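For reference, the structure is listed below as structure tokens.
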Amino acid sequence: MTYSPLVDLKLPPTTKKWSSRGGRKPNGMIVHHWGTTSMAGRDRLVYSSDPASVNYLIYDDGTLVGSVPEEYRAWTSSSFAADDDKITVEIQNRTAAPGWTISAAAFATLVKLYADVARRHAFTPSRSNIFGHRDFHATACPGPYLYPRLGEVATQAAALNRGGGAASRDDERDPVPSSRSWRPLGKLRKGSTGSGVRLVQARLHIKVDGKFGPDTDTAVRKDQRSRGLAADGVVGPKTWVSWLTDRDARLRRGDENVAVPIWQRVVGAKEDGKFGPDTEARTKKAQRDLGVEADGIVGPGTRSALLKAWT
Ligand SMILES: [Zn+2]
């Protein structure tokens, strides 16, 4: 079961919908969009018995999900021959027709995934080995926004690999004292170092080295812009809280993603990225202190109460 080391979570299809690669090795990537802004795209590929599956999914918030392990051919591109020797990826749309855009965060994850796949399978990212679904089938997929940018994806991935920017994830995190039910996180900006910076970098799916340098600054500003926040490059309360979940999304028990360790730091739980029973219990305690319903789910109400108490 091989997945990119960059994956935030693994969701293999719940029914068997993958095949052998017939001895062929991945030598490129095929990019798709979901054709929907909701999670319906993921649900079809992962949870339905529809004969469609994919190696990787990328959510609007940049979360990378491993689905069909790389050693198998996913059923993605309406062409078994094409999928036989390619890694396939499906991306959630930020907007619907006619633009079919994807978010900056999803785009950044796509670049990193492609760079990582190319490195591990020993090929150099170039427009000649990244494809759109439409290269193999009469479809608009991956849409008028993403398809013309595949060259850009290749250029950025190649630069990443040339720079030796091996995008690795780092799980070492400082323990947090847990005497309070919640605590504000520090303000971070260019020049900051340490475990808080690691949380920032993991959340933005950029290289995690614990040093807030120019790349982190650029990524923070870009992300802030995409969220309608002041793009000042300073990770303060508004930015931290916006990173807990996206829009109306909630964090709850069972979740495993890059937002979880941020919340775990807020409530002083072990920062393992898994929203388990201890995190849930601490969430309820913090919610009681914040004066919101203690349901153990971090949703919009908890976020805005936290922001209010924090600032
Ligand atoms: Zn497609």
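Following the order of the structure tokens, chains are lettered A, B, ..., residues in each are numbered from 1, and ligands are numbered from 1.
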Hey, could you make a per-residue contact list for chain A against ligand 1 with 9 Å as the cut-off, showing the nearest pair of atoms and its distance in Å to one decimal, counting only C-alpha atoms and all ligand atoms, sorted by chain and number, as JSON lines?
{"residue": "A:Ile30", "atom": "CA", "partner": "ligand 1", "partner_atom_place_in_ligand_line": "1 (Zn)", "distance": 8.6}
{"residue": "A:Val31", "atom": "CA", "partner": "ligand 1", "partner_atom_place_in_ligand_line": "1 (Zn)", "distance": 7.1}
{"residue": "A:His32", "atom": "CA", "partner": "ligand 1", "partner_atom_place_in_ligand_line": "1 (Zn)", "distance": 4.1}
{"residue": "A:His33", "atom": "CA", "partner": "ligand 1", "partner_atom_place_in_ligand_line": "1 (Zn)", "distance": 5.8}
{"residue": "A:Trp34", "atom": "CA", "partner": "ligand 1", "partner_atom_place_in_ligand_line": "1 (Zn)", "distance": 7.0}
{"residue": "A:Gly35", "atom": "CA", "partner": "ligand 1", "partner_atom_place_in_ligand_line": "1 (Zn)", "distance": 8.1}
{"residue": "A:Thr76", "atom": "CA", "partner": "ligand 1", "partner_atom_place_in_ligand_line": "1 (Zn)", "distance": 6.8}
{"residue": "A:Ser77", "atom": "CA", "partner": "ligand 1", "partner_atom_place_in_ligand_line": "1 (Zn)", "distance": 6.0}
{"residue": "A:Ser78", "atom": "CA", "partner": "ligand 1", "partner_atom_place_in_ligand_line": "1 (Zn)", "distance": 8.2}
{"residue": "A:Val89", "atom": "CA", "partner": "ligand 1", "partner_atom_place_in_ligand_line": "1 (Zn)", "distance": 8.9}
{"residue": "A:Glu90", "atom": "CA", "partner": "ligand 1", "partner_atom_place_in_ligand_line": "1 (Zn)", "distance": 7.2}
{"residue": "A:Gly132", "atom": "CA", "partner": "ligand 1", "partner_atom_place_in_ligand_line": "1 (Zn)", "distance": 7.5}
{"residue": "A:His133", "atom": "CA", "partner": "ligand 1", "partner_atom_place_in_ligand_line": "1 (Zn)", "distance": 4.7}
{"residue": "A:Arg134", "atom": "CA", "partner": "ligand 1", "partner_atom_place_in_ligand_line": "1 (Zn)", "distance": 7.3}
{"residue": "A:His137", "atom": "CA", "partner": "ligand 1", "partner_atom_place_in_ligand_line": "1 (Zn)", "distance": 8.6}
{"residue": "A:Thr139", "atom": "CA", "partner": "ligand 1", "partner_atom_place_in_ligand_line": "1 (Zn)", "distance": 7.3}
{"residue": "A:Ala140", "atom": "CA", "partner": "ligand 1", "partner_atom_place_in_ligand_line": "1 (Zn)", "distance": 7.9}
{"residue": "A:Cys141", "atom": "CA", "partner": "ligand 1", "partner_atom_place_in_ligand_line": "1 (Zn)", "distance": 4.7}
{"residue": "A:Pro142", "atom": "CA", "partner": "ligand 1", "partner_atom_place_in_ligand_line": "1 (Zn)", "distance": 5.9}
{"residue": "A:Gly143", "atom": "CA", "partner": "ligand 1", "partner_atom_place_in_ligand_line": "1 (Zn)", "distance": 8.9}
Residues within 10 Å of Lys274 in chain A, only C-alpha atoms, excluding chain neighbours under 4 positions, as a list in words = Arg252, Arg253, Gly254, Asp255, Glu256, Asn257, Val258, Ala259, Val260, Pro261, Gln264, Lys270, Asp278 and Thr279 of chain A
Save the residues we just selected, N, CA, C and O atoms, as a short mmCIF file (atom, residue, chain, number, x, y, z; two decimals), in the first residue's frame?
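Okay, this is what ended up in result28.cif:
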data_model
loop_
_atom_site.label_atom_id
_atom_site.label_comp_id
_atom_site.auth_asym_id
_atom_site.auth_seq_id
_atom_site.Cartn_x
_atom_site.Cartn_y
_atom_site.Cartn_z
N ARG A 252 -14.27 17.25 13.97
CA ARG A 252 -14.92 16.41 14.96
C ARG A 252 -14.18 15.11 15.13
O ARG A 252 -13.25 14.81 14.37
N ARG A 253 -14.62 14.34 16.13
CA ARG A 253 -13.97 13.08 16.43
C ARG A 253 -13.87 12.20 15.19
O ARG A 253 -14.83 12.08 14.43
N GLY A 254 -12.71 11.60 14.99
CA GLY A 254 -12.49 10.75 13.83
C GLY A 254 -11.74 11.48 12.72
O GLY A 254 -11.18 10.85 11.84
N ASP A 255 -11.75 12.81 12.78
CA ASP A 255 -11.05 13.56 11.73
C ASP A 255 -9.53 13.43 11.89
O ASP A 255 -9.02 13.36 13.00
N GLU A 256 -8.87 13.42 10.76
CA GLU A 256 -7.42 13.30 10.75
C GLU A 256 -6.93 14.17 9.61
O GLU A 256 -7.00 13.78 8.46
N ASN A 257 -6.49 15.37 9.93
CA ASN A 257 -6.02 16.27 8.88
C ASN A 257 -5.12 17.34 9.47
O ASN A 257 -4.88 17.36 10.68
N VAL A 258 -4.63 18.24 8.63
CA VAL A 258 -3.64 19.22 9.07
C VAL A 258 -4.23 20.33 9.94
O VAL A 258 -3.48 21.10 10.54
N ALA A 259 -5.56 20.42 10.00
CA ALA A 259 -6.15 21.42 10.91
C ALA A 259 -6.20 20.89 12.34
O ALA A 259 -6.18 21.66 13.30
N VAL A 260 -6.27 19.58 12.49
CA VAL A 260 -6.45 18.98 13.82
C VAL A 260 -5.32 19.38 14.79
O VAL A 260 -5.60 19.80 15.92
N PRO A 261 -4.03 19.28 14.39
CA PRO A 261 -2.99 19.64 15.36
C PRO A 261 -3.05 21.09 15.82
O PRO A 261 -2.63 21.40 16.93
N GLN A 264 -5.60 21.01 18.42
CA GLN A 264 -5.05 20.28 19.57
C GLN A 264 -4.11 21.17 20.37
O GLN A 264 -4.05 21.09 21.59
N LYS A 270 -2.52 16.23 22.86
CA LYS A 270 -1.34 15.73 22.15
C LYS A 270 -1.50 16.02 20.65
O LYS A 270 -2.53 15.69 20.05
N ASP A 278 -9.60 12.06 23.63
CA ASP A 278 -9.03 13.07 24.51
C ASP A 278 -9.24 14.47 23.92
O ASP A 278 -9.63 15.40 24.63
N THR A 279 -9.02 14.60 22.62
CA THR A 279 -9.24 15.90 21.98
C THR A 279 -10.71 16.29 22.09
O THR A 279 -11.04 17.45 22.35
#
Name all residues at most 9 Å from Lys190 in chain A (count only C-alpha atoms; drop same-chain ones fewer than 4 positions away) and give them as a PyMOL selection string.
-> chain A and resi 211-214+216-217+233-234
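A straight line drawn from CA of Met39 in chain A to CA of Ala106 in chain A is 14.1 Å long.
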Between A:Ala97, A:Val54, A:Val65, A:Leu160, which is the closest to Ser4 in chain A once you count only C-alpha atoms?
-> A:Val65
Please identify all polymer residues within 7 Å of range 285-295 of chain A, counting only C-alpha atoms, omitting same-chain residues fewer than 3 positions from it, and present them as a VMD selection string.
-> chain A and resid 181 to 182 267 281 to 282 302 305 to 306
What would the file look like if the residues just selected were written as a compact mmCIF listing (two decimals), in the first residue's frame with N, CA and C atoms?
# COMPACT_ATOMS: atom_id res chain seq x y z
N SER A 181 -8.28 25.29 29.65
CA SER A 181 -9.10 24.55 28.69
C SER A 181 -8.76 24.96 27.25
N TRP A 182 -8.28 26.18 27.06
CA TRP A 182 -7.81 26.58 25.74
C TRP A 182 -6.81 27.70 25.94
N VAL A 267 -6.29 23.52 22.52
CA VAL A 267 -6.90 22.90 23.72
C VAL A 267 -5.90 22.07 24.52
N ALA A 281 -12.85 15.41 24.46
CA ALA A 281 -13.15 15.80 25.84
C ALA A 281 -12.63 17.22 26.11
N ARG A 282 -11.44 17.51 25.62
CA ARG A 282 -10.88 18.86 25.81
C ARG A 282 -11.69 19.90 25.04
N THR A 302 -18.17 27.67 17.57
CA THR A 302 -16.99 27.56 18.42
C THR A 302 -15.87 28.46 17.90
N ALA A 305 -16.69 32.12 18.77
CA ALA A 305 -16.55 32.36 20.21
C ALA A 305 -15.07 32.40 20.59
N LEU A 306 -14.31 31.52 19.98
CA LEU A 306 -12.87 31.47 20.26
C LEU A 306 -12.20 32.76 19.82
Using only C-alpha atoms, which residues sit within 6 Å of range 197-207 of chain A once same-chain residues fewer than 3 positions away are excluded, as a ChimeraX atom specification?
-> /A:167,193-194,210,258
